[in-house]
Amino acid sequence: MPRGPHDATDIQFYEIPSFTFTIGATLPIKVAYRSYNPSAKKAACIPTCYGGRINTTLNFTEDNAALSSHHVVVIAMLGNGESSSPSNTPNFPKNLDYRDCIHAQYELLTKHLGISELDVVLGFSMGGQQAYYWASMYPHFVKNAIVICGSARTSGHNYTFLEGPKTALINSIDYMDGKYKTEGIKPLRGLRAFSRAYCAWLTSGAWYRERHWEKSLGYKSIEDYIKGNSEPAFEEWDAEDVLILARMWQAGDIGTTRNDGDCTKVLEGIEARVLVMPSRTDQYFLVADSEVEMKYLRKAELAVIETVWGHIAGGGGNEEDTRWMSGRIAEFLG
């Protein structure tokens, strides 16, 4: 989870003067991104995750890492506070659709960066869901998709989990039914309540039982961990950005890319090779859900991250899991 002041190192912006959202609104928007190794022949796209910024996104570009020989473009999804969002764009829509993010990213890559093909689109969590959308929406543009701790459709269990932290924020006294901006305040109580409701889901029961908050992160107690790690995670965020992304996550379903809304048909029609990488102990993107998706994907491999670090294992939560993922991704891409 993000902590500390925002790091804007090497972030660039692409302006789209007239962008039409899925709900019909048309606005000028900006798309934030960062390029690594732009002279490389093969291109990779990594969309950000929930709570993720461009420079907190695991990108596998270090020496000998899985994407070290790729031109990697990390792109902030709409709503994350770097690209156009409720916090920085007047009259921004009340709801976002993953298709909005992918259309904007496609325009950035093709019209601005001149990329004609993606060797791979890789994403973690909401980024993994975007990888599925990429493969379904632009089948001739994406050769490989890597879905880390994500899903093609947000499950009912996942949807319900998100209602908890959302409700904690919305009902906080300083959120003021969304009027906090007119009062010139930041709803820190609400954002901290959101983080407290969210934090137990990030890892796993085994992670707490083995006291990784202490032996891996150095906190003296769970309360210290919550106050020092979890609560600050969203303090710099705007509440409306937090909420609009949660609603988009809840609505995630690649079936919306078809007129009949059939998610399984979309999975069956994906042309890209897909590496599905769930975490064994993820509490909301479950291995069982990935196994169901595997039944419909025609060119896919399943690689389970064996870890107690739950969901955040897929986002770089610990070095051991990150090394394993990098090696497995490199093997998949050949």
# chains A, B, ... in the order shown; residues from 1 in each chain; ligands from 1
call {"tool": "residues_around", "arguments": {"residues": "Ala200 of chain A", "least_positions_apart": "6", "cutoff": "12 Å", "atoms": "only C-alpha atoms", "output": "PyMOL selection string"}}
result
chain A and resi 161+164-165+194+206-208+213+222-223+225-226+229-231+282-284+309-312
call {"tool": "write_last_selection", "arguments": {"atoms": "N, CA and C atoms", "output": "CSV table (one decimal), in the first residue's frame"}}
result
chain,number,residue,atom,x,y,z
A,161,PHE,N,-16.9,-7.4,0.0
A,161,PHE,CA,-15.7,-6.9,0.8
A,161,PHE,C,-15.5,-5.4,0.7
A,164,GLY,N,-17.5,-2.7,2.8
A,164,GLY,CA,-17.1,-2.3,4.1
A,164,GLY,C,-16.2,-1.1,4.2
A,165,PRO,N,-15.1,-1.0,3.6
A,165,PRO,CA,-14.3,0.2,3.7
A,165,PRO,C,-14.9,1.4,3.0
A,194,PHE,N,-11.4,3.9,6.4
A,194,PHE,CA,-11.3,3.1,5.2
A,194,PHE,C,-10.1,2.2,5.2
A,206,ALA,N,-2.7,-16.6,7.9
A,206,ALA,CA,-1.4,-17.2,8.2
A,206,ALA,C,-0.3,-16.1,8.4
A,207,TRP,N,-0.5,-15.0,7.6
A,207,TRP,CA,0.5,-13.9,7.7
A,207,TRP,C,0.4,-13.3,9.2
A,208,TYR,N,-0.8,-13.1,9.7
A,208,TYR,CA,-0.9,-12.6,11.1
A,208,TYR,C,-0.5,-13.7,12.1
A,213,TRP,N,3.8,-8.9,10.6
A,213,TRP,CA,3.8,-7.5,10.9
A,213,TRP,C,5.0,-7.1,11.8
A,222,ILE,N,0.2,-5.2,16.5
A,222,ILE,CA,-0.7,-5.0,15.4
A,222,ILE,C,-1.2,-3.6,15.3
A,223,GLU,N,-1.5,-3.0,16.5
A,223,GLU,CA,-1.9,-1.6,16.5
A,223,GLU,C,-0.9,-0.7,15.9
A,225,TYR,N,1.3,-1.5,13.6
A,225,TYR,CA,1.2,-1.8,12.2
A,225,TYR,C,0.1,-1.1,11.5
A,226,ILE,N,-1.1,-1.1,12.1
A,226,ILE,CA,-2.2,-0.4,11.6
A,226,ILE,C,-2.0,1.1,11.5
A,229,ASN,N,1.4,1.7,9.1
A,229,ASN,CA,1.4,1.2,7.8
A,229,ASN,C,0.1,1.4,7.1
A,230,SER,N,-1.0,0.9,7.7
A,230,SER,CA,-2.3,0.9,7.1
A,230,SER,C,-3.0,2.3,7.0
A,231,GLU,N,-3.0,2.9,8.2
A,231,GLU,CA,-3.7,4.2,8.2
A,231,GLU,C,-3.1,5.3,7.3
A,282,ASP,N,-4.7,-15.2,-1.3
A,282,ASP,CA,-5.5,-13.9,-1.6
A,282,ASP,C,-6.9,-14.1,-1.1
A,283,GLN,N,-7.4,-13.1,-0.4
A,283,GLN,CA,-8.7,-13.2,0.2
A,283,GLN,C,-9.8,-12.7,-0.7
A,284,TYR,N,-9.5,-12.0,-1.8
A,284,TYR,CA,-10.6,-11.6,-2.7
A,284,TYR,C,-10.5,-11.9,-4.1
A,309,TRP,N,1.5,-14.1,2.1
A,309,TRP,CA,1.4,-12.7,2.0
A,309,TRP,C,0.1,-12.3,1.3
A,310,GLY,N,-0.7,-13.2,1.0
A,310,GLY,CA,-2.1,-12.8,0.5
A,310,GLY,C,-2.0,-12.0,-0.8
A,311,HIS,N,-2.9,-11.1,-0.9
A,311,HIS,CA,-3.1,-10.3,-2.1
A,311,HIS,C,-1.8,-9.5,-2.4
A,312,ILE,N,-1.2,-8.9,-1.4
A,312,ILE,CA,0.0,-8.0,-1.7
A,312,ILE,C,1.2,-8.7,-2.2
call {"tool": "select_by_dssp", "arguments": {"residues": "segment 47-146 of chain A", "states": "strand (DSSP E)", "output": "mmCIF file with N, CA and C atoms, in the first residue's frame"}}
result
data_model
loop_
_atom_site.group_PDB
_atom_site.id
_atom_site.type_symbol
_atom_site.label_atom_id
_atom_site.label_comp_id
_atom_site.auth_asym_id
_atom_site.auth_seq_id
_atom_site.Cartn_x
_atom_site.Cartn_y
_atom_site.Cartn_z
ATOM 1 N N PRO A 47 -0.648 -1.199 -16.285
ATOM 2 C CA PRO A 47 -1.566 -0.246 -15.648
ATOM 3 C C PRO A 47 -1.437 -0.323 -14.129
ATOM 4 N N HIS A 70 12.471 -4.954 -22.171
ATOM 5 C CA HIS A 70 11.293 -4.373 -22.806
ATOM 6 C C HIS A 70 11.257 -2.857 -22.622
ATOM 7 N N HIS A 71 10.577 -2.193 -23.552
ATOM 8 C CA HIS A 71 10.158 -0.809 -23.318
ATOM 9 C C HIS A 71 8.891 -0.895 -22.472
ATOM 10 N N VAL A 72 9.025 -0.592 -21.202
ATOM 11 C CA VAL A 72 7.913 -0.716 -20.262
ATOM 12 C C VAL A 72 7.265 0.649 -20.053
ATOM 13 N N VAL A 73 5.951 0.695 -20.250
ATOM 14 C CA VAL A 73 5.187 1.916 -20.023
ATOM 15 C C VAL A 73 4.217 1.651 -18.876
ATOM 16 N N VAL A 74 4.470 2.293 -17.743
ATOM 17 C CA VAL A 74 3.560 2.195 -16.599
ATOM 18 C C VAL A 74 2.567 3.340 -16.715
ATOM 19 N N ILE A 75 1.279 3.012 -16.718
ATOM 20 C CA ILE A 75 0.241 4.013 -16.968
ATOM 21 C C ILE A 75 -0.700 4.102 -15.769
ATOM 22 N N LEU A 118 1.805 -4.585 -28.443
ATOM 23 C CA LEU A 118 2.287 -4.866 -27.098
ATOM 24 C C LEU A 118 2.711 -6.331 -27.024
ATOM 25 N N ASP A 119 3.976 -6.544 -26.705
ATOM 26 C CA ASP A 119 4.396 -7.918 -26.461
ATOM 27 C C ASP A 119 3.677 -8.463 -25.239
ATOM 28 N N VAL A 120 3.456 -7.580 -24.262
ATOM 29 C CA VAL A 120 2.779 -8.038 -23.050
ATOM 30 C C VAL A 120 2.109 -6.860 -22.348
ATOM 31 N N VAL A 121 0.931 -7.114 -21.815
ATOM 32 C CA VAL A 121 0.310 -6.216 -20.848
ATOM 33 C C VAL A 121 0.249 -6.986 -19.539
ATOM 34 N N LEU A 122 0.748 -6.365 -18.498
ATOM 35 C CA LEU A 122 0.880 -7.022 -17.195
ATOM 36 C C LEU A 122 0.261 -6.130 -16.133
ATOM 37 N N GLY A 123 -0.501 -6.746 -15.229
ATOM 38 C CA GLY A 123 -1.085 -5.939 -14.178
ATOM 39 C C GLY A 123 -1.374 -6.736 -12.930
ATOM 40 N N PHE A 124 -1.368 -6.018 -11.817
ATOM 41 C CA PHE A 124 -1.657 -6.591 -10.499
ATOM 42 C C PHE A 124 -2.965 -6.017 -9.983
ATOM 43 N N VAL A 142 -2.390 -7.045 -28.566
ATOM 44 C CA VAL A 142 -1.781 -7.652 -27.379
ATOM 45 C C VAL A 142 -1.403 -9.107 -27.666
ATOM 46 N N LYS A 143 -0.103 -9.422 -27.545
ATOM 47 C CA LYS A 143 0.348 -10.801 -27.756
ATOM 48 C C LYS A 143 0.214 -11.649 -26.498
ATOM 49 N N ASN A 144 0.547 -11.071 -25.356
ATOM 50 C CA ASN A 144 0.544 -11.798 -24.082
ATOM 51 C C ASN A 144 -0.088 -10.936 -23.000
ATOM 52 N N ALA A 145 -0.840 -11.577 -22.122
ATOM 53 C CA ALA A 145 -1.429 -10.877 -20.979
ATOM 54 C C ALA A 145 -1.048 -11.620 -19.705
ATOM 55 N N ILE A 146 -0.613 -10.885 -18.700
ATOM 56 C CA ILE A 146 -0.240 -11.485 -17.418
ATOM 57 C C ILE A 146 -1.117 -10.867 -16.339
#
call {"tool": "residues_around", "arguments": {"residues": "Pro278 of chain A", "least_positions_apart": "3", "cutoff": "8 Å", "atoms": "only C-alpha atoms", "output": "NGL selection string"}}
result
:A and (147-150 or 282 or 285-287 or 290 or 303-305 or 314)
call {"tool": "residues_around", "arguments": {"residues": "Asp100 of chain A", "least_positions_apart": "5", "cutoff": "8 Å", "atoms": "only C-alpha atoms", "output": "list of chain:residue names"}}
result
A:Phe21, A:Thr22, A:Leu78
call {"tool": "closest_residue", "arguments": {"among": "A:Gly218, A:Pro93, A:Gly316, A:Gly334", "to": "Phe19 of chain A", "atoms": "only C-alpha atoms"}}
result
A:Pro93
call {"tool": "closest_residue", "arguments": {"among": "A:Gly51, A:Gly261, A:Gly269, A:Pro139", "to": "Pro232 of chain A", "atoms": "only C-alpha atoms"}}
result
A:Gly51
call {"tool": "closest_residue", "arguments": {"among": "A:Phe332, A:Phe234, A:Tyr33, A:Tyr106", "to": "Thr48 of chain A", "atoms": "only C-alpha atoms"}}
result
A:Tyr33
call {"tool": "residues_around", "arguments": {"residues": "Ser85 of chain A", "least_positions_apart": "3", "cutoff": "10 Å", "atoms": "only C-alpha atoms", "output": "PDB file with N, CA and C atoms, in the first residue's frame"}}
result
ATOM      1  N   ILE A  29      -8.954  15.249 -21.132  1.00  0.00           N
ATOM      2  CA  ILE A  29      -8.333  14.502 -20.043  1.00  0.00           C
ATOM      3  C   ILE A  29      -6.829  14.425 -20.253  1.00  0.00           C
ATOM      4  N   LYS A  30      -6.141  14.016 -19.204  1.00  0.00           N
ATOM      5  CA  LYS A  30      -4.709  13.753 -19.290  1.00  0.00           C
ATOM      6  C   LYS A  30      -4.454  12.330 -18.805  1.00  0.00           C
ATOM      7  N   VAL A  31      -3.458  11.695 -19.397  1.00  0.00           N
ATOM      8  CA  VAL A  31      -3.053  10.347 -19.004  1.00  0.00           C
ATOM      9  C   VAL A  31      -1.606  10.412 -18.538  1.00  0.00           C
ATOM     10  N   MET A  77      -4.083   4.524 -14.234  1.00  0.00           N
ATOM     11  CA  MET A  77      -5.465   4.422 -14.701  1.00  0.00           C
ATOM     12  C   MET A  77      -6.230   5.692 -14.327  1.00  0.00           C
ATOM     13  N   LEU A  78      -7.224   6.000 -15.106  1.00  0.00           N
ATOM     14  CA  LEU A  78      -8.073   7.138 -14.798  1.00  0.00           C
ATOM     15  C   LEU A  78      -8.636   6.981 -13.390  1.00  0.00           C
ATOM     16  N   GLY A  79      -8.678   8.083 -12.656  1.00  0.00           N
ATOM     17  CA  GLY A  79      -9.224   8.045 -11.307  1.00  0.00           C
ATOM     18  C   GLY A  79      -8.206   7.908 -10.202  1.00  0.00           C
ATOM     19  N   ASN A  80      -6.924   7.662 -10.545  1.00  0.00           N
ATOM     20  CA  ASN A  80      -5.950   7.383  -9.481  1.00  0.00           C
ATOM     21  C   ASN A  80      -5.277   8.640  -8.922  1.00  0.00           C
ATOM     22  N   GLY A  81      -5.660   9.812  -9.415  1.00  0.00           N
ATOM     23  CA  GLY A  81      -5.091  11.054  -8.904  1.00  0.00           C
ATOM     24  C   GLY A  81      -3.907  11.570  -9.695  1.00  0.00           C
ATOM     25  N   GLU A  82      -3.324  10.748 -10.563  1.00  0.00           N
ATOM     26  CA  GLU A  82      -2.233  11.180 -11.449  1.00  0.00           C
ATOM     27  C   GLU A  82      -2.796  11.456 -12.841  1.00  0.00           C
ATOM     28  N   ASN A  88      -8.763  16.164  -9.772  1.00  0.00           N
ATOM     29  CA  ASN A  88      -7.989  17.121 -10.564  1.00  0.00           C
ATOM     30  C   ASN A  88      -8.662  17.550 -11.865  1.00  0.00           C
ATOM     31  N   THR A  89      -9.886  17.091 -12.113  1.00  0.00           N
ATOM     32  CA  THR A  89     -10.561  17.383 -13.366  1.00  0.00           C
ATOM     33  C   THR A  89     -11.993  17.854 -13.109  1.00  0.00           C
ATOM     34  N   PRO A  90     -12.303  19.105 -13.424  1.00  0.00           N
ATOM     35  CA  PRO A  90     -13.673  19.590 -13.219  1.00  0.00           C
ATOM     36  C   PRO A  90     -14.692  18.779 -14.019  1.00  0.00           C
ATOM     37  N   ASN A  91     -15.848  18.560 -13.446  1.00  0.00           N
ATOM     38  CA  ASN A  91     -16.960  17.857 -14.102  1.00  0.00           C
ATOM     39  C   ASN A  91     -16.627  16.413 -14.465  1.00  0.00           C
ATOM     40  N   PHE A  92     -15.701  15.829 -13.718  1.00  0.00           N
ATOM     41  CA  PHE A  92     -15.346  14.439 -13.981  1.00  0.00           C
ATOM     42  C   PHE A  92     -16.576  13.564 -13.705  1.00  0.00           C
ATOM     43  N   PRO A  93     -16.788  12.506 -14.518  1.00  0.00           N
ATOM     44  CA  PRO A  93     -17.963  11.652 -14.312  1.00  0.00           C
ATOM     45  C   PRO A  93     -18.004  11.042 -12.909  1.00  0.00           C
ATOM     46  N   LYS A  94     -19.195  10.724 -12.444  1.00  0.00           N
ATOM     47  CA  LYS A  94     -19.374  10.115 -11.127  1.00  0.00           C
ATOM     48  C   LYS A  94     -18.932   8.664 -11.104  1.00  0.00           C
ATOM     49  N   LEU A  96     -16.680   5.474 -13.331  1.00  0.00           N
ATOM     50  CA  LEU A  96     -15.739   5.080 -14.370  1.00  0.00           C
ATOM     51  C   LEU A  96     -16.007   3.647 -14.788  1.00  0.00           C
ATOM     52  N   ASP A 238      -7.368  11.722  -2.367  1.00  0.00           N
ATOM     53  CA  ASP A 238      -8.656  12.378  -2.306  1.00  0.00           C
ATOM     54  C   ASP A 238      -9.741  11.311  -2.142  1.00  0.00           C
ATOM     55  N   GLU A 240     -12.804  11.121  -3.097  1.00  0.00           N
ATOM     56  CA  GLU A 240     -13.598  10.785  -4.276  1.00  0.00           C
ATOM     57  C   GLU A 240     -12.809   9.906  -5.249  1.00  0.00           C
ATOM     58  N   ASP A 241     -11.490  10.064  -5.296  1.00  0.00           N
ATOM     59  CA  ASP A 241     -10.675   9.150  -6.104  1.00  0.00           C
ATOM     60  C   ASP A 241     -10.730   7.737  -5.529  1.00  0.00           C
ATOM     61  N   ILE A 244     -14.308   6.346  -6.421  1.00  0.00           N
ATOM     62  CA  ILE A 244     -14.625   6.062  -7.815  1.00  0.00           C
ATOM     63  C   ILE A 244     -13.878   4.819  -8.305  1.00  0.00           C
ATOM     64  N   LEU A 245     -12.647   4.627  -7.805  1.00  0.00           N
ATOM     65  CA  LEU A 245     -11.908   3.419  -8.183  1.00  0.00           C
ATOM     66  C   LEU A 245     -12.536   2.174  -7.568  1.00  0.00           C
TER      67      LEU A 245
END
call {"tool": "select_by_dssp", "arguments": {"residues": "segment 74-229 of chain A", "states": "helix (DSSP H, G or I)", "output": "JSON, numbers by chain"}}
result
{"A": [98, 99, 100, 101, 102, 103, 104, 105, 106, 107, 108, 109, 110, 111, 112, 126, 127, 128, 129, 130, 131, 132, 133, 134, 135, 136, 137, 156, 157, 158, 159, 160, 161, 162, 163, 164, 165, 166, 167, 168, 169, 170, 176, 177, 178, 188, 189, 190, 191, 192, 193, 194, 195, 196, 197, 198, 199, 205, 206, 207, 208, 209, 212, 213, 214, 215, 222, 223, 224, 225, 226, 227, 228, 229]}
call {"tool": "atom_distance", "arguments": {"atom1": "atom CA of Ile16 of chain A", "atom2": "atom CA of Ala104 of chain A"}}
result
8.1 Å
call {"tool": "residues_around", "arguments": {"residues": "Met294 of chain A", "least_positions_apart": "3", "cutoff": "12 Å", "atoms": "only C-alpha atoms", "output": "tab-separated table (two decimals) with all heavy atoms, in the first residue's frame"}}
result
chain	number	residue	atom	x	y	z
A	147	VAL	N	-1.94	-11.71	-15.74
A	147	VAL	CA	-2.92	-11.27	-14.75
A	147	VAL	C	-2.44	-11.73	-13.37
A	147	VAL	O	-2.45	-12.92	-13.07
A	147	VAL	CB	-4.31	-11.86	-15.05
A	147	VAL	CG1	-5.32	-11.43	-14.00
A	147	VAL	CG2	-4.76	-11.46	-16.46
A	151	SER	N	-8.91	-10.72	-11.83
A	151	SER	CA	-9.97	-11.59	-12.34
A	151	SER	C	-10.63	-10.93	-13.55
A	151	SER	O	-10.55	-9.72	-13.73
A	151	SER	CB	-11.03	-11.85	-11.26
A	151	SER	OG	-11.71	-10.65	-10.91
A	152	ALA	N	-11.30	-11.76	-14.33
A	152	ALA	CA	-12.03	-11.26	-15.49
A	152	ALA	C	-13.34	-10.60	-15.08
A	152	ALA	O	-13.85	-9.73	-15.79
A	152	ALA	CB	-12.31	-12.40	-16.46
A	264	THR	N	-17.88	-15.51	-20.08
A	264	THR	CA	-17.22	-16.75	-20.50
A	264	THR	C	-16.94	-16.75	-22.01
A	264	THR	O	-15.91	-17.25	-22.45
A	264	THR	CB	-18.05	-17.98	-20.12
A	264	THR	OG1	-19.35	-17.92	-20.73
A	264	THR	CG2	-18.23	-18.06	-18.61
A	267	LEU	N	-13.83	-14.71	-22.52
A	267	LEU	CA	-12.65	-15.50	-22.17
A	267	LEU	C	-12.30	-16.49	-23.28
A	267	LEU	O	-11.13	-16.64	-23.66
A	267	LEU	CB	-12.88	-16.24	-20.86
A	267	LEU	CG	-12.87	-15.40	-19.58
A	267	LEU	CD1	-13.37	-16.23	-18.40
A	267	LEU	CD2	-11.48	-14.87	-19.28
A	268	GLU	N	-13.31	-17.15	-23.82
A	268	GLU	CA	-13.08	-18.12	-24.90
A	268	GLU	C	-12.52	-17.46	-26.15
A	268	GLU	O	-11.79	-18.09	-26.93
A	268	GLU	CB	-14.38	-18.83	-25.24
A	268	GLU	CG	-14.87	-19.80	-24.16
A	268	GLU	CD	-16.24	-20.36	-24.46
A	268	GLU	OE1	-16.97	-19.79	-25.29
A	268	GLU	OE2	-16.59	-21.39	-23.85
A	270	ILE	N	-10.47	-14.79	-26.30
A	270	ILE	CA	-9.18	-14.11	-26.14
A	270	ILE	C	-8.11	-14.81	-26.96
A	270	ILE	O	-7.89	-16.02	-26.83
A	270	ILE	CB	-8.79	-14.02	-24.66
A	270	ILE	CG1	-9.68	-12.99	-23.94
A	270	ILE	CG2	-7.31	-13.64	-24.50
A	270	ILE	CD1	-9.44	-12.88	-22.44
A	273	ARG	N	-1.91	-15.10	-25.47
A	273	ARG	CA	-1.50	-16.05	-24.46
A	273	ARG	C	-1.67	-15.38	-23.10
A	273	ARG	O	-1.37	-14.20	-22.95
A	273	ARG	CB	-0.03	-16.46	-24.65
A	273	ARG	CG	0.24	-17.19	-25.96
A	273	ARG	CD	1.73	-17.34	-26.19
A	273	ARG	NE	2.37	-18.17	-25.17
A	273	ARG	CZ	3.32	-17.75	-24.33
A	273	ARG	NH1	3.74	-16.49	-24.37
A	273	ARG	NH2	3.85	-18.57	-23.46
A	274	VAL	N	-2.16	-16.12	-22.12
A	274	VAL	CA	-2.46	-15.52	-20.82
A	274	VAL	C	-1.76	-16.31	-19.72
A	274	VAL	O	-1.86	-17.55	-19.67
A	274	VAL	CB	-3.98	-15.49	-20.54
A	274	VAL	CG1	-4.26	-14.80	-19.21
A	274	VAL	CG2	-4.72	-14.79	-21.67
A	275	LEU	N	-1.05	-15.60	-18.87
A	275	LEU	CA	-0.49	-16.19	-17.66
A	275	LEU	C	-1.31	-15.69	-16.48
A	275	LEU	O	-1.36	-14.48	-16.21
A	275	LEU	CB	0.98	-15.79	-17.49
A	275	LEU	CG	1.68	-16.30	-16.22
A	275	LEU	CD1	1.72	-17.82	-16.18
A	275	LEU	CD2	3.10	-15.73	-16.12
A	276	VAL	N	-1.99	-16.61	-15.81
A	276	VAL	CA	-2.85	-16.27	-14.69
A	276	VAL	C	-2.09	-16.59	-13.41
A	276	VAL	O	-1.72	-17.74	-13.17
A	276	VAL	CB	-4.18	-17.06	-14.75
A	276	VAL	CG1	-5.09	-16.67	-13.59
A	276	VAL	CG2	-4.88	-16.80	-16.08
A	277	MET	N	-1.86	-15.57	-12.57
A	277	MET	CA	-0.99	-15.71	-11.40
A	277	MET	C	-1.72	-15.29	-10.12
A	277	MET	O	-1.49	-14.19	-9.61
A	277	MET	CB	0.29	-14.90	-11.57
A	277	MET	CG	1.12	-15.26	-12.77
A	277	MET	SD	2.72	-14.37	-12.80
A	277	MET	CE	3.64	-15.29	-11.57
A	278	PRO	N	-2.58	-16.12	-9.59
A	278	PRO	CA	-3.21	-15.79	-8.30
A	278	PRO	C	-2.28	-16.11	-7.14
A	278	PRO	O	-1.34	-16.90	-7.26
A	278	PRO	CB	-4.43	-16.71	-8.28
A	278	PRO	CG	-3.97	-17.93	-9.04
A	278	PRO	CD	-3.03	-17.41	-10.12
A	287	VAL	N	-7.91	-18.23	-5.81
A	287	VAL	CA	-7.36	-19.22	-6.73
A	287	VAL	C	-8.49	-19.98	-7.42
A	287	VAL	O	-8.44	-20.25	-8.63
A	287	VAL	CB	-6.42	-20.20	-6.00
A	287	VAL	CG1	-5.99	-21.33	-6.93
A	287	VAL	CG2	-5.19	-19.47	-5.46
A	288	ALA	N	-9.53	-20.31	-6.68
A	288	ALA	CA	-10.66	-21.06	-7.26
A	288	ALA	C	-11.29	-20.30	-8.42
A	288	ALA	O	-11.72	-20.91	-9.42
A	288	ALA	CB	-11.69	-21.36	-6.18
A	289	ASP	N	-11.37	-18.98	-8.30
A	289	ASP	CA	-11.94	-18.18	-9.39
A	289	ASP	C	-11.03	-18.21	-10.62
A	289	ASP	O	-11.50	-18.27	-11.76
A	289	ASP	CB	-12.16	-16.74	-8.93
A	289	ASP	CG	-13.23	-16.62	-7.86
A	289	ASP	OD1	-14.13	-17.48	-7.82
A	289	ASP	OD2	-13.16	-15.67	-7.05
A	290	SER	N	-9.72	-18.17	-10.39
A	290	SER	CA	-8.77	-18.26	-11.51
A	290	SER	C	-8.87	-19.62	-12.19
A	290	SER	O	-8.77	-19.72	-13.42
A	290	SER	CB	-7.34	-18.03	-11.02
A	290	SER	OG	-7.17	-16.71	-10.54
A	291	GLU	N	-9.08	-20.66	-11.41
A	291	GLU	CA	-9.21	-22.01	-11.98
A	291	GLU	C	-10.43	-22.11	-12.87
A	291	GLU	O	-10.41	-22.79	-13.90
A	291	GLU	CB	-9.25	-23.04	-10.86
A	291	GLU	CG	-7.93	-23.20	-10.13
A	291	GLU	CD	-8.02	-24.07	-8.89
A	291	GLU	OE1	-9.13	-24.27	-8.36
A	291	GLU	OE2	-6.96	-24.56	-8.44
A	297	LEU	N	-10.18	-20.09	-21.11
A	297	LEU	CA	-9.07	-19.53	-21.86
A	297	LEU	C	-8.42	-20.61	-22.72
A	297	LEU	O	-8.12	-21.70	-22.24
A	297	LEU	CB	-8.04	-18.92	-20.90
A	297	LEU	CG	-8.49	-17.69	-20.13
A	297	LEU	CD1	-7.55	-17.41	-18.96
A	297	LEU	CD2	-8.55	-16.47	-21.05
A	298	ARG	N	-8.16	-20.30	-23.98
A	298	ARG	CA	-7.64	-21.32	-24.90
A	298	ARG	C	-6.13	-21.44	-24.87
A	298	ARG	O	-5.57	-22.49	-25.19
A	298	ARG	CB	-8.11	-20.99	-26.32
A	298	ARG	CG	-9.61	-21.15	-26.50
A	298	ARG	CD	-10.06	-20.87	-27.91
A	298	ARG	NE	-9.91	-19.46	-28.26
A	298	ARG	CZ	-9.08	-19.01	-29.18
A	298	ARG	NH1	-8.27	-19.84	-29.83
A	298	ARG	NH2	-9.00	-17.72	-29.46
A	299	LYS	N	-5.44	-20.35	-24.52
A	299	LYS	CA	-3.96	-20.36	-24.53
A	299	LYS	C	-3.47	-19.76	-23.22
A	299	LYS	O	-3.02	-18.61	-23.18
A	299	LYS	CB	-3.44	-19.56	-25.74
A	299	LYS	CG	-3.78	-20.19	-27.08
A	299	LYS	CD	-3.27	-19.36	-28.24
A	299	LYS	CE	-4.14	-18.14	-28.50
A	299	LYS	NZ	-3.71	-17.42	-29.74
A	300	ALA	N	-3.59	-20.54	-22.16
A	300	ALA	CA	-3.30	-19.97	-20.83
A	300	ALA	C	-2.50	-20.94	-19.97
A	300	ALA	O	-2.55	-22.16	-20.16
A	300	ALA	CB	-4.60	-19.60	-20.13
A	301	GLU	N	-1.77	-20.35	-19.04
A	301	GLU	CA	-1.06	-21.11	-18.02
A	301	GLU	C	-1.44	-20.56	-16.65
A	301	GLU	O	-1.64	-19.35	-16.50
A	301	GLU	CB	0.46	-20.99	-18.20
A	301	GLU	CG	0.98	-21.56	-19.52
A	301	GLU	CD	2.48	-21.37	-19.67
A	301	GLU	OE1	3.17	-21.20	-18.63
A	301	GLU	OE2	2.95	-21.37	-20.82
A	302	LEU	N	-1.54	-21.44	-15.68
A	302	LEU	CA	-1.84	-21.05	-14.30
A	302	LEU	C	-0.58	-21.22	-13.47
A	302	LEU	O	0.04	-22.28	-13.47
A	302	LEU	CB	-2.96	-21.92	-13.73
A	302	LEU	CG	-3.37	-21.64	-12.28
A	302	LEU	CD1	-4.05	-20.28	-12.16
A	302	LEU	CD2	-4.30	-22.73	-11.76
A	303	ALA	N	-0.19	-20.15	-12.77
A	303	ALA	CA	1.00	-20.20	-11.92
A	303	ALA	C	0.64	-19.58	-10.58
A	303	ALA	O	0.57	-18.36	-10.45
A	303	ALA	CB	2.16	-19.44	-12.57
call {"tool": "residues_around", "arguments": {"residues": "Cys263 of chain A", "least_positions_apart": "4", "cutoff": "9 Å", "atoms": "only C-alpha atoms", "output": "list in words"}}
result
Ala152, Arg153, Asp253, Ile254, Gly255, Thr256, Thr257, Arg258, Leu267 and Glu268 of chain A
call {"tool": "atom_distance", "arguments": {"atom1": "atom CA of Tyr132 of chain A", "atom2": "atom CA of Gly252 of chain A"}}
result
10.2 Å
call {"tool": "atom_distance", "arguments": {"atom1": "atom CA of Ala313 of chain A", "atom2": "atom CA of Leu67 of chain A"}}
result
18.3 Å
call {"tool": "closest_residue", "arguments": {"among": "A:Lys215, A:Arg280, A:Arg99, A:Arg189", "to": "Thr307 of chain A", "atoms": "only C-alpha atoms"}}
result
A:Arg280
